[in-house]
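Next comes upload34.cif, a file with mmCIF, C-alpha atoms.
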data_entry
loop_
_atom_site.label_atom_id
_atom_site.label_comp_id
_atom_site.auth_asym_id
_atom_site.auth_seq_id
_atom_site.Cartn_x
_atom_site.Cartn_y
_atom_site.Cartn_z
CA VAL A 286 6.04 0.80 -9.52
CA SER A 287 4.62 -0.59 -12.71
CA GLY A 288 3.91 2.86 -13.94
CA GLY A 289 3.27 2.07 -17.59
CA GLY A 290 -0.41 2.15 -16.92
CA GLU A 291 -1.29 -1.19 -18.45
CA HIS A 292 -1.76 -4.27 -16.29
CA PRO A 293 1.47 -6.28 -16.63
CA GLY A 294 0.70 -9.18 -18.89
CA HIS A 295 -3.00 -8.41 -19.07
CA THR A 296 -5.25 -5.95 -20.79
CA ARG A 297 -8.83 -5.24 -19.81
CA ARG A 298 -9.96 -7.20 -22.85
CA SER A 299 -7.68 -10.20 -22.24
CA LEU A 300 -8.72 -10.43 -18.59
CA LEU A 301 -12.36 -10.60 -19.51
CA ALA A 302 -11.75 -12.98 -22.39
CA ALA A 303 -9.62 -15.29 -20.26
CA THR A 304 -12.33 -15.61 -17.68
CA GLY A 305 -15.14 -15.82 -20.18
CA VAL A 306 -16.95 -12.89 -18.69
CA ALA A 307 -19.32 -10.76 -20.64
CA ALA A 308 -17.88 -11.15 -24.10
CA ALA A 309 -20.98 -9.63 -25.64
CA GLY A 310 -21.07 -6.75 -23.19
CA LEU A 311 -17.41 -6.03 -23.75
CA ALA A 312 -17.83 -5.99 -27.50
CA ALA A 313 -20.69 -3.56 -27.16
CA CYS A 314 -18.70 -1.24 -24.94
CA GLY A 315 -15.42 -1.29 -26.88
CA ASP A 316 -12.69 0.40 -24.87
CA ASP A 317 -15.11 1.75 -22.35
CA ASP A 318 -13.25 2.62 -19.15
CA GLY A 319 -16.42 3.87 -17.58
CA ASP A 320 -18.57 2.49 -14.85
CA GLY A 321 -21.09 0.77 -17.11
CA ARG A 322 -21.86 -2.93 -17.28
CA ALA A 323 -18.50 -3.89 -18.79
CA GLY A 324 -16.75 -1.84 -16.13
CA ARG A 325 -18.61 -3.62 -13.34
CA GLU A 326 -17.95 -7.02 -14.85
CA LEU A 327 -14.24 -6.32 -15.15
CA ASP A 328 -14.20 -4.95 -11.61
CA ALA A 329 -15.69 -8.28 -10.45
CA VAL A 330 -12.97 -10.20 -12.32
CA LEU A 331 -10.23 -8.06 -10.79
CA MET A 332 -11.64 -8.34 -7.29
CA ASN A 333 -11.88 -12.11 -7.73
CA ILE A 334 -8.18 -12.21 -8.64
CA ALA A 335 -7.48 -10.29 -5.42
CA LEU A 336 -9.78 -12.69 -3.56
CA ASP A 337 -7.59 -15.60 -4.69
CA SER A 338 -4.62 -13.88 -3.01
CA GLU A 339 -6.64 -13.40 0.17
CA HIS A 340 -7.69 -17.06 0.23
CA ALA A 341 -4.03 -18.06 -0.20
CA LEU A 342 -3.06 -15.82 2.71
CA VAL A 343 -5.72 -17.30 4.99
CA ALA A 344 -4.50 -20.82 4.18
CA ALA A 345 -0.84 -19.87 4.70
CA TYR A 346 -1.43 -18.12 8.03
CA ALA A 347 -3.59 -21.01 9.23
CA ALA A 348 -0.82 -23.46 8.34
CA GLY A 349 2.03 -21.25 9.51
CA VAL A 350 0.70 -20.07 12.85
CA ARG A 351 1.26 -23.51 14.39
CA ARG A 352 4.96 -23.32 13.59
CA LEU A 353 5.46 -19.90 15.15
CA ARG A 354 6.17 -19.08 18.78
CA GLY A 355 5.59 -16.27 21.24
CA ARG A 356 5.00 -12.80 19.86
CA SER A 357 5.28 -13.96 16.24
CA ARG A 358 2.51 -16.46 16.86
CA ARG A 359 0.24 -13.82 18.41
CA THR A 360 0.98 -11.49 15.50
CA ALA A 361 0.20 -14.19 12.92
CA ARG A 362 -3.09 -14.99 14.66
CA ALA A 363 -4.09 -11.32 14.49
CA PHE A 364 -3.12 -11.10 10.83
CA LEU A 365 -5.02 -14.30 10.06
CA ALA A 366 -8.14 -12.62 11.45
CA HIS A 367 -7.46 -9.64 9.17
CA GLU A 368 -7.11 -11.86 6.13
CA ARG A 369 -10.38 -13.61 6.93
CA GLU A 370 -12.01 -10.20 7.15
CA HIS A 371 -10.50 -9.28 3.77
CA VAL A 372 -12.01 -12.44 2.26
CA ARG A 373 -15.43 -11.43 3.58
CA ILE A 374 -15.08 -7.86 2.31
CA VAL A 375 -13.78 -8.73 -1.14
CA ALA A 376 -16.29 -11.57 -1.64
CA ARG A 377 -19.09 -9.16 -0.72
CA GLU A 378 -17.82 -6.69 -3.33
CA VAL A 379 -17.72 -9.39 -6.01
CA ARG A 380 -21.34 -10.31 -5.19
CA ARG A 381 -22.35 -6.65 -5.21
CA LEU A 382 -20.91 -6.40 -8.73
CA GLY A 383 -23.01 -9.35 -9.84
CA GLY A 384 -20.16 -11.86 -9.85
CA LYS A 385 -19.63 -15.15 -8.09
CA PRO A 386 -16.83 -15.00 -5.50
CA HIS A 387 -14.08 -17.56 -5.98
CA GLU A 388 -14.06 -20.24 -3.31
CA ALA A 389 -10.93 -21.16 -1.40
CA LYS A 390 -9.13 -24.30 -2.52
CA LEU A 391 -8.71 -27.19 -0.14
CA PRO A 392 -5.89 -26.67 2.42
CA GLU A 393 -3.91 -29.58 0.96
CA ASP A 394 -4.09 -27.98 -2.50
CA TYR A 395 -2.42 -24.87 -1.10
CA ARG A 396 0.09 -26.89 0.92
CA ARG A 397 1.33 -28.69 -2.19
CA GLY A 398 2.79 -25.41 -3.42
CA TYR A 399 4.47 -24.43 -0.15
CA PRO A 400 8.23 -24.41 0.38
CA ALA A 401 9.63 -26.26 3.40
CA LEU A 402 8.25 -24.53 6.48
CA GLU A 403 10.26 -26.16 9.24
CA ARG A 404 11.72 -23.15 11.02
CA GLN A 405 10.10 -19.95 12.17
CA GLY A 406 12.20 -17.97 9.68
CA ASP A 407 10.89 -20.12 6.80
CA VAL A 408 7.30 -19.34 7.78
CA LEU A 409 7.93 -15.62 8.17
CA ARG A 410 9.69 -15.39 4.79
CA PHE A 411 6.88 -17.30 3.09
CA LEU A 412 4.22 -15.07 4.64
CA VAL A 413 6.13 -11.95 3.55
CA ASP A 414 6.22 -13.32 -0.01
CA LEU A 415 2.46 -13.96 -0.01
CA GLU A 416 1.72 -10.53 1.46
CA GLY A 417 3.79 -9.10 -1.39
CA ALA A 418 1.77 -11.06 -3.91
CA ALA A 419 -1.43 -9.61 -2.46
CA VAL A 420 0.00 -6.07 -2.65
CA ARG A 421 0.80 -6.73 -6.32
CA ALA A 422 -2.69 -8.08 -7.02
CA TYR A 423 -4.31 -4.91 -5.71
CA GLN A 424 -1.84 -2.52 -7.30
CA ASP A 425 -2.08 -4.30 -10.66
CA ALA A 426 -5.87 -4.05 -10.46
CA LEU A 427 -5.93 -0.33 -9.69
CA PRO A 428 -5.51 1.11 -13.21
CA LYS A 429 -8.36 -1.06 -14.45
CA LEU A 430 -10.88 -0.71 -11.65
CA SER A 431 -13.62 1.58 -12.92
CA SER A 432 -15.14 2.28 -9.51
CA PRO A 433 -13.47 5.03 -7.44
CA ARG A 434 -14.81 3.36 -4.30
CA LEU A 435 -13.15 0.06 -5.21
CA ARG A 436 -9.89 1.85 -6.02
CA ARG A 437 -9.91 3.33 -2.51
CA LEU A 438 -10.70 -0.08 -1.03
CA ALA A 439 -7.93 -1.75 -3.05
CA GLY A 440 -5.48 0.90 -1.86
CA SER A 441 -6.50 0.32 1.75
CA LEU A 442 -6.23 -3.46 1.49
CA ALA A 443 -2.83 -3.25 -0.23
CA THR A 444 -1.67 -0.89 2.52
CA THR A 445 -2.81 -3.30 5.23
CA GLU A 446 -0.92 -6.14 3.55
CA ALA A 447 2.17 -3.91 3.39
CA GLU A 448 1.81 -3.20 7.12
CA HIS A 449 1.63 -6.94 7.82
CA SER A 450 4.74 -7.43 5.72
CA SER A 451 6.59 -4.75 7.70
CA ILE A 452 5.84 -6.38 11.05
CA LEU A 453 6.69 -9.86 9.73
CA LEU A 454 10.00 -8.57 8.40
CA ALA A 455 10.81 -7.11 11.81
CA ALA A 456 9.92 -10.45 13.42
CA ALA A 457 12.38 -12.12 11.04
CA GLY A 458 15.11 -9.71 12.13
CA ARG A 459 15.04 -7.71 8.90
CA SER A 460 14.37 -4.04 8.21
CA PRO A 461 10.64 -3.35 8.50
CA LEU A 462 10.98 -0.55 5.92
CA PRO A 463 12.94 -2.03 3.01
CA GLU A 464 11.66 0.20 0.21
CA ALA A 465 10.10 3.64 -0.29
CA PHE A 466 7.75 2.44 -3.02
CA VAL A 467 6.04 -0.71 -1.78
CA THR A 468 5.13 -2.81 -4.79
CA GLY A 469 5.40 -6.30 -3.33
CA LYS A 470 7.93 -7.14 -6.02
CA SER A 471 11.15 -7.23 -4.00
CA VAL X 131 22.24 1.91 1.06
CA THR X 132 23.70 -0.24 -1.69
CA ALA X 133 24.13 0.95 -5.25
CA PRO X 134 21.72 -1.64 -6.70
CA ALA X 135 19.11 -0.59 -4.16
CA LEU X 136 19.56 3.04 -5.13
CA SER X 137 19.26 2.36 -8.82
CA ARG X 138 16.16 0.24 -8.25
CA ARG X 139 14.59 3.03 -6.21
CA ARG X 140 15.42 5.54 -8.92
CA ALA X 141 13.82 3.24 -11.45
CA LEU X 142 10.70 3.02 -9.31
CA GLY X 143 10.54 6.77 -8.94
CA LEU X 144 11.01 7.13 -12.67
CA ALA X 145 8.24 4.63 -13.33
CA LEU X 146 5.94 6.68 -11.13
CA ALA X 147 6.84 9.76 -13.12
CA THR X 148 6.43 8.22 -16.54
CA GLY X 149 3.23 6.45 -15.57
CA GLY X 150 1.49 9.78 -15.47
CA GLY X 151 1.90 10.33 -19.16
CA ALA X 152 1.36 6.83 -20.42
CA LEU X 153 -2.39 6.87 -20.70
CA LEU X 154 -3.17 10.53 -21.19
CA SER X 155 -5.63 9.62 -23.92
CA ARG X 156 -7.54 7.13 -21.77
CA PRO X 157 -8.47 8.88 -18.53
CA LEU X 158 -10.62 7.23 -15.92
CA PRO X 159 -14.07 8.72 -15.47
CA GLY X 160 -14.33 11.24 -12.68
CA ARG X 161 -16.56 13.87 -11.17
CA ALA X 162 -16.25 17.42 -12.44
CA ALA X 163 -15.72 18.62 -8.88
CA ASP X 164 -12.68 16.40 -8.34
CA PRO X 165 -9.29 18.11 -8.26
CA SER X 166 -7.08 17.63 -11.31
CA ASP X 167 -4.21 15.13 -11.30
CA ALA X 168 -1.73 18.03 -11.18
CA GLU X 169 -3.50 19.48 -8.14
CA LEU X 170 -3.47 16.10 -6.40
CA LEU X 171 0.21 15.54 -7.15
CA THR X 172 1.06 19.04 -5.95
CA ARG X 173 -0.68 18.29 -2.66
CA ALA X 174 1.11 14.92 -2.47
CA VAL X 175 4.51 16.55 -2.90
CA GLU X 176 3.63 19.11 -0.21
CA ILE X 177 2.69 16.29 2.17
CA GLU X 178 5.95 14.48 1.47
CA GLN X 179 8.01 17.67 1.83
CA ARG X 180 6.43 18.33 5.23
CA ALA X 181 7.16 14.78 6.38
CA THR X 182 10.76 15.13 5.21
CA PHE X 183 11.03 18.41 7.11
CA ALA X 184 9.54 16.91 10.31
CA TYR X 185 11.87 13.89 10.35
CA SER X 186 14.88 16.01 9.44
CA GLU X 187 14.16 18.46 12.29
CA ALA X 188 13.61 15.59 14.72
CA LEU X 189 16.92 13.94 13.83
CA ARG X 190 18.61 17.29 14.39
CA ALA X 191 16.83 18.24 17.62
CA LEU X 192 16.20 14.99 19.49
CA VAL X 193 18.34 12.17 20.85
CA PHE X 194 16.43 9.02 20.04
CA ASP X 195 17.32 5.56 21.30
CA ARG X 196 19.30 3.52 18.78
CA ARG X 197 16.44 1.52 17.32
CA THR X 198 14.22 4.58 16.96
CA THR X 199 17.04 6.53 15.33
CA ARG X 200 17.29 3.84 12.65
CA LEU X 201 13.53 3.97 12.07
CA VAL X 202 13.38 7.76 11.86
CA GLU X 203 16.36 7.84 9.51
CA ALA X 204 14.73 5.22 7.28
CA MET X 205 11.43 7.09 7.19
CA HIS X 206 13.23 10.35 6.43
CA GLU X 207 15.09 8.77 3.55
CA GLN X 208 11.90 7.24 2.16
CA GLU X 209 10.01 10.54 2.32
CA LEU X 210 12.85 12.12 0.33
CA GLU X 211 12.39 9.43 -2.32
CA HIS X 212 8.66 10.14 -2.40
CA VAL X 213 9.35 13.84 -2.91
CA GLU X 214 11.68 12.96 -5.78
CA GLY X 215 9.35 10.45 -7.47
CA LEU X 216 6.14 12.44 -7.08
CA GLY X 217 7.92 15.66 -8.01
CA ARG X 218 9.10 14.08 -11.24
CA ALA X 219 5.56 12.93 -12.01
CA LEU X 220 4.33 16.46 -11.36
CA ARG X 221 6.92 17.96 -13.72
CA ARG X 222 5.74 15.53 -16.40
CA LEU X 223 2.35 17.21 -16.09
CA GLY X 224 3.98 20.58 -16.69
CA ARG X 225 3.90 21.78 -13.08
CA ARG X 226 6.76 22.80 -10.82
CA PRO X 227 7.00 21.22 -7.36
CA PRO X 228 5.91 23.50 -4.54
CA VAL X 229 8.41 25.43 -2.42
CA GLU X 230 9.72 23.40 0.52
CA PRO X 231 8.35 24.34 3.95
CA LEU X 232 10.35 26.26 6.53
CA GLU X 233 8.07 25.44 9.44
CA LEU X 234 5.35 22.97 10.36
CA ARG X 235 2.45 23.59 12.69
CA GLY X 236 2.73 21.61 15.91
CA LEU X 237 6.24 20.37 15.22
CA GLU X 238 8.02 22.63 17.69
CA ARG X 239 5.76 21.56 20.53
CA ALA X 240 6.14 17.91 19.57
CA LEU X 241 9.93 18.19 19.57
CA ALA X 242 9.87 19.96 22.94
CA GLY X 243 7.93 16.98 24.33
CA GLY X 244 10.70 14.50 23.55
CA GLN X 245 10.85 11.20 21.67
CA ARG X 246 7.42 9.82 22.57
CA ARG X 247 5.62 13.06 21.87
CA PHE X 248 7.33 13.39 18.51
CA LEU X 249 6.51 9.79 17.52
CA ALA X 250 2.82 10.43 18.29
CA PHE X 251 3.01 13.61 16.18
CA ALA X 252 4.65 11.66 13.35
CA LEU X 253 1.99 8.93 13.55
CA ALA X 254 -0.76 11.53 13.17
CA ARG X 255 1.01 12.99 10.12
CA GLU X 256 1.46 9.52 8.58
CA ALA X 257 -2.22 8.77 9.12
CA GLY X 258 -3.14 12.03 7.41
CA ALA X 259 -0.99 11.05 4.44
CA VAL X 260 -2.70 7.66 4.16
CA ARG X 261 -6.12 9.34 4.24
CA PHE X 262 -5.03 11.73 1.49
CA TYR X 263 -3.65 8.99 -0.78
CA ARG X 264 -6.71 6.81 -0.24
CA GLU X 265 -8.96 9.63 -1.40
CA ALA X 266 -6.62 10.43 -4.30
CA LEU X 267 -6.89 6.85 -5.61
CA GLY X 268 -10.59 7.52 -6.22
CA GLN X 269 -9.94 10.87 -7.89
CA LEU X 270 -6.89 10.49 -10.13
CA ARG X 271 -7.81 10.31 -13.84
CA ARG X 272 -4.58 8.93 -15.25
CA PRO X 273 -4.57 5.16 -14.65
CA GLY X 274 -0.78 5.03 -14.91
CA LEU X 275 -0.40 7.12 -11.78
CA LEU X 276 -2.42 4.78 -9.57
CA PRO X 277 0.08 1.97 -8.81
CA GLY X 278 2.81 4.44 -7.97
CA VAL X 279 0.59 6.49 -5.69
CA ALA X 280 -0.66 3.26 -4.06
CA SER X 281 2.96 2.19 -3.50
CA VAL X 282 3.63 5.43 -1.62
CA MET X 283 0.42 4.96 0.38
CA ALA X 284 1.48 1.42 1.31
CA ASN X 285 4.84 2.70 2.51
CA ARG X 286 3.14 5.37 4.63
CA GLY X 287 1.02 2.59 6.14
CA GLN X 288 4.22 0.75 7.03
CA HIS X 289 5.46 3.90 8.75
CA MET X 290 2.22 3.92 10.74
CA ALA X 291 2.78 0.30 11.77
CA VAL X 292 6.34 0.83 13.00
CA LEU X 293 5.40 4.06 14.77
CA ARG X 294 2.49 2.37 16.55
CA ARG X 295 4.81 -0.40 17.67
CA ALA X 296 7.43 2.11 18.83
CA LEU X 297 4.67 3.74 20.90
CA GLY X 298 3.76 0.39 22.46
CA ARG X 299 0.49 0.07 20.54
CA ASP X 300 -0.92 -2.68 18.34
CA PRO X 301 1.02 -2.12 15.08
CA VAL X 302 -1.88 -3.10 12.80
CA PRO X 303 -5.08 -2.67 14.78
CA LEU X 304 -7.57 -2.79 11.91
CA ALA X 305 -8.12 -5.15 8.99
CA VAL X 306 -8.59 -2.24 6.57
CA GLU X 307 -6.18 0.68 6.79
CA THR X 308 -7.94 3.95 6.09
CA GLY X 309 -5.61 6.25 8.00
CA GLU X 310 -8.01 6.73 10.88
CA LEU X 311 -6.29 7.03 14.25
#
Please, can you express the file's structure as structure tokens?
Amino acid sequence: VSGGGEHPGHTRRSLLAATGVAAAGLAACGDDDGDGRAGRELDAVLMNIALDSEHALVAAYAAGVRRLRGRSRRTARAFLAHEREHVRIVAREVRRLGGKPHEAKLPEDYRRGYPALERQGDVLRFLVDLEGAAVRAYQDALPKLSSPRLRRLAGSLATTEAEHSSILLAAAGRSPLPEAFVTGKS
Amino acid sequence: VTAPALSRRRALGLALATGGGALLSRPLPGRAADPSDAELLTRAVEIEQRATFAYSEALRALVFDRRTTRLVEAMHEQELEHVEGLGRALRRLGRRPPVEPLELRGLERALAGGQRRFLAFALAREAGAVRFYREALGQLRRPGLLPGVASVMANRGQHMAVLRRALGRDPVPLAVETGEL
């Protein structure tokens, strides 16, 4: 639990500055945590960061499902459908906030960063790691999301990723409930 | 449970507790009608205490198969950690944790129905917890509390997934977990 309250490594201001979003609007609103223009613009940035995680998950499941067998393969197919749904939902939210949803990279661009995925266990471990990264993306976004509705959505999406992780861990022969506080960091 | 795991869990619980005070001067906007953070945390501790009570009673009263015993023991232990972490956060806000329950509506009947009946009862309680935490994420004013509360919500979702599987159901039936059954 990164309970300090600030986004690890990022502040609201640095996130906006790094992405070149709304510098003028941010300056006008100062430290505004409210749901004004700067709040919506930052929400769009944060949801786009989460969208990157969702795109990565879609690519990884699509690549990994071919290397899985039996029940694990059926599970991965179902989770791939969930991740595609997450992409649609999060992209829609970015558009609703006035932002431009990040596109997925090419499959080969994702594959370049993959570890060796020869055995079923390799694939399951890799998918668990990516699910954890998505949990982190949503939980890191939460303290900065100005919209209560988006905070609820982020909580739901993080919870779904944690559920995926639990079932993948079980498929890999590990405890499906490794920690009481699921942060995606272990 | 290994010592490093325990100390990491304590650190996580502590982080949840200290997160509540970190940004007291920068609250998130909220509606006047929303409950206060202390009220929400009090309710959260009550929910976790009831879950702890239910799993504890089930482990005492029922003979589960081996795999289910391990699951119920793990969930019981994790609910205890939630009680500890959320209780600490509540004390940081100047409130005392609520008194632990001595009974739980519907539990006796669920236990009398055996393993399957109890697991269905537990699933309904887990779903209720997820619904509560989801709503709380939109109502809490202290930003520092949000990741910790979300981490408890995610764990409760995992409990839902393993309970659904133990009941022979699709473990993750929906793309967006809202705690609906």
Worksheet entry | Sphere at (10.8, 11.7, 2.2), radius 10 Å, counting all atoms listed in the file: residues as a PyMOL selection string | (chain A and resi 465) or (chain X and resi 175+177-186+203-215)
If you count only C-alpha atoms, which residues fall within 7 Å of segment 347-358 of chain A, apart from same-chain ones fewer than 5 positions away, as a compact mmCIF listing (two decimals) with C-alpha atoms, keeping the file's coordinate frame?
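The result, stored in out04.txt:
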# COMPACT_ATOMS: atom_id res chain seq x y z
CA LEU A 365 -5.02 -14.30 10.06
CA GLN A 405 10.10 -19.95 12.17
CA VAL A 408 7.30 -19.34 7.78
CA ALA A 456 9.92 -10.45 13.42
Practice prompt. Might you spell out which residues the PyMOL selection byres ((chain X) within 6 of (chain A)) would select in the displayed file, as a ChimeraX atom specification?
Written response: /X:142,145-146,149,152,159,208,264,267-268,273-274,277-278,280-282,284-285,287-288,291,305-308
Practice prompt. Could you please determine the separation between atom CA of Ala329 of chain A and atom CA of His387 of chain A in Å, to one decimal place?
Written response: 10.4 Å
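Among the candidate residues A:Ala341, A:Val379, A:Val330, A:Ala419, the one lying nearest to Gly398 of chain A is A:Ala341, with distances computed using all atoms listed in the file.
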